[in-house]
Amino acid sequence: MSFHPERMKKLLALDPFLASAYDEVRQHFQSEEEALHYLFLHYVKGEPIFQNAYNLLT
């Protein structure tokens with residue numbers, strides 16, 4: 001599974017929890033893509049339910 005910013009944006013639009021986490025994480029990163037990549041590494045890759053959503057819903 002590889003990181004794709006557009007897929008992460010679609011997932012954020014579908015999941016309020018991830019969207020909320022993104023809002024908090026975004027404050028600590030210079031770019032939007034860095035924040036999305038952080039969420040991908042720490043939330044999506046670590047949780048099977050997010051992995052399924054990332055693979056199937058986006």
# chains A, B, ... in the order shown; residues from 1 in each chain; ligands from 1
call {"tool": "residues_around", "arguments": {"residues": "region 11-21 of chain A", "least_positions_apart": "4", "cutoff": "10 Å", "atoms": "only C-alpha atoms", "output": "list in words"}}
result
Pro5, Glu6, Arg7, Val25, Arg26, Ala35, Leu36, Leu39, Phe40, Tyr43, Val44, Phe50, Ala53, Tyr54, Asn55, Leu57 and Thr58 of chain A
call {"tool": "select_by_dssp", "arguments": {"residues": "chain A", "states": "alpha helix (DSSP H)", "output": "ChimeraX atom specification"}}
result
/A:5-14,16-26,32-39,48-56
call {"tool": "write_last_selection", "arguments": {"atoms": "N, CA, C and O atoms", "output": "compact mmCIF listing (two decimals), in the first residue's frame"}}
result
# COMPACT_ATOMS: atom_id res chain seq x y z
N PRO A 5 -1.73 11.32 -2.15
CA PRO A 5 -2.42 12.45 -1.51
C PRO A 5 -3.90 12.57 -1.89
O PRO A 5 -4.74 12.85 -1.03
N GLU A 6 -4.23 12.32 -3.15
CA GLU A 6 -5.63 12.45 -3.58
C GLU A 6 -6.52 11.41 -2.91
O GLU A 6 -7.66 11.69 -2.56
N ARG A 7 -6.00 10.21 -2.74
CA ARG A 7 -6.77 9.16 -2.06
C ARG A 7 -6.98 9.52 -0.59
O ARG A 7 -8.05 9.28 -0.04
N MET A 8 -5.96 10.10 0.03
CA MET A 8 -6.10 10.51 1.43
C MET A 8 -7.16 11.61 1.55
O MET A 8 -7.95 11.61 2.49
N LYS A 9 -7.18 12.55 0.62
CA LYS A 9 -8.19 13.61 0.66
C LYS A 9 -9.60 13.04 0.54
O LYS A 9 -10.51 13.49 1.23
N LYS A 10 -9.76 12.04 -0.31
CA LYS A 10 -11.07 11.39 -0.44
C LYS A 10 -11.46 10.69 0.85
O LYS A 10 -12.61 10.76 1.28
N LEU A 11 -10.49 10.03 1.48
CA LEU A 11 -10.75 9.35 2.74
C LEU A 11 -11.12 10.34 3.83
O LEU A 11 -12.03 10.09 4.62
N LEU A 12 -10.46 11.48 3.87
CA LEU A 12 -10.79 12.51 4.86
C LEU A 12 -12.22 13.02 4.67
O LEU A 12 -12.91 13.31 5.64
N ALA A 13 -12.65 13.11 3.42
CA ALA A 13 -14.01 13.56 3.14
C ALA A 13 -15.05 12.55 3.62
O ALA A 13 -16.18 12.93 3.95
N LEU A 14 -14.67 11.29 3.72
CA LEU A 14 -15.59 10.23 4.12
C LEU A 14 -15.57 9.94 5.61
O LEU A 14 -16.51 9.37 6.14
N PRO A 16 -15.14 11.42 9.43
CA PRO A 16 -15.03 12.59 10.31
C PRO A 16 -13.89 12.50 11.33
O PRO A 16 -13.29 13.50 11.69
N PHE A 17 -13.58 11.28 11.80
CA PHE A 17 -12.49 11.12 12.77
C PHE A 17 -11.15 11.52 12.14
O PHE A 17 -10.38 12.27 12.73
N LEU A 18 -10.89 10.99 10.96
CA LEU A 18 -9.64 11.33 10.28
C LEU A 18 -9.59 12.81 9.91
O LEU A 18 -8.53 13.44 9.99
N ALA A 19 -10.72 13.37 9.53
CA ALA A 19 -10.77 14.79 9.19
C ALA A 19 -10.42 15.64 10.41
O ALA A 19 -9.67 16.62 10.31
N SER A 20 -10.92 15.26 11.56
CA SER A 20 -10.61 15.97 12.80
C SER A 20 -9.13 15.83 13.15
O SER A 20 -8.47 16.80 13.55
N ALA A 21 -8.61 14.62 13.01
CA ALA A 21 -7.18 14.38 13.28
C ALA A 21 -6.33 15.20 12.31
O ALA A 21 -5.31 15.76 12.70
N TYR A 22 -6.75 15.26 11.06
CA TYR A 22 -6.01 16.04 10.06
C TYR A 22 -5.97 17.52 10.46
O TYR A 22 -4.91 18.15 10.35
N ASP A 23 -7.08 18.07 10.91
CA ASP A 23 -7.11 19.48 11.32
C ASP A 23 -6.10 19.76 12.43
O ASP A 23 -5.43 20.79 12.42
N GLU A 24 -5.97 18.83 13.36
CA GLU A 24 -5.01 19.00 14.45
C GLU A 24 -3.57 18.83 13.96
O GLU A 24 -2.69 19.60 14.33
N VAL A 25 -3.34 17.82 13.15
CA VAL A 25 -1.99 17.53 12.65
C VAL A 25 -1.50 18.63 11.71
O VAL A 25 -0.32 18.98 11.71
N ARG A 26 -2.39 19.17 10.93
CA ARG A 26 -2.02 20.18 9.92
C ARG A 26 -1.33 21.39 10.55
O ARG A 26 -0.48 22.02 9.92
N GLU A 32 0.47 20.68 3.28
CA GLU A 32 -0.69 19.79 3.38
C GLU A 32 -0.27 18.34 3.12
O GLU A 32 -0.72 17.43 3.81
N GLU A 33 0.60 18.15 2.15
CA GLU A 33 1.01 16.78 1.79
C GLU A 33 1.77 16.11 2.93
O GLU A 33 1.61 14.91 3.17
N GLU A 34 2.59 16.86 3.66
CA GLU A 34 3.30 16.28 4.81
C GLU A 34 2.31 15.82 5.88
O GLU A 34 2.48 14.76 6.47
N ALA A 35 1.29 16.63 6.12
CA ALA A 35 0.28 16.27 7.12
C ALA A 35 -0.50 15.03 6.67
O ALA A 35 -0.77 14.14 7.48
N LEU A 36 -0.85 14.97 5.40
CA LEU A 36 -1.56 13.81 4.88
C LEU A 36 -0.70 12.55 4.98
O LEU A 36 -1.18 11.48 5.34
N HIS A 37 0.59 12.69 4.68
CA HIS A 37 1.50 11.54 4.76
C HIS A 37 1.64 11.08 6.21
O HIS A 37 1.69 9.87 6.47
N TYR A 38 1.70 11.99 7.15
CA TYR A 38 1.77 11.63 8.57
C TYR A 38 0.53 10.81 8.95
O TYR A 38 0.65 9.77 9.60
N LEU A 39 -0.65 11.28 8.56
CA LEU A 39 -1.88 10.53 8.87
C LEU A 39 -1.85 9.15 8.22
O LEU A 39 -2.28 8.17 8.84
N PRO A 48 -6.42 -1.67 10.57
CA PRO A 48 -7.03 -2.43 9.47
C PRO A 48 -8.29 -1.79 8.88
O PRO A 48 -8.49 -1.83 7.67
N ILE A 49 -9.11 -1.18 9.72
CA ILE A 49 -10.34 -0.58 9.19
C ILE A 49 -10.02 0.60 8.27
O ILE A 49 -10.67 0.80 7.24
N PHE A 50 -9.01 1.38 8.61
CA PHE A 50 -8.59 2.48 7.75
C PHE A 50 -7.90 1.95 6.49
O PHE A 50 -8.05 2.53 5.41
N GLN A 51 -7.16 0.86 6.60
CA GLN A 51 -6.53 0.25 5.44
C GLN A 51 -7.60 -0.18 4.44
O GLN A 51 -7.48 0.07 3.24
N ASN A 52 -8.64 -0.83 4.95
CA ASN A 52 -9.72 -1.27 4.06
C ASN A 52 -10.40 -0.08 3.40
O ASN A 52 -10.67 -0.12 2.20
N ALA A 53 -10.67 0.94 4.17
CA ALA A 53 -11.32 2.14 3.60
C ALA A 53 -10.43 2.78 2.55
O ALA A 53 -10.90 3.16 1.48
N TYR A 54 -9.16 2.88 2.84
CA TYR A 54 -8.22 3.50 1.90
C TYR A 54 -8.18 2.70 0.59
O TYR A 54 -8.18 3.27 -0.49
N ASN A 55 -8.16 1.39 0.71
CA ASN A 55 -8.07 0.54 -0.48
C ASN A 55 -9.39 0.43 -1.23
O ASN A 55 -9.40 0.37 -2.45
N LEU A 56 -10.50 0.38 -0.51
CA LEU A 56 -11.77 0.10 -1.15
C LEU A 56 -12.61 1.34 -1.47
O LEU A 56 -13.28 1.38 -2.49
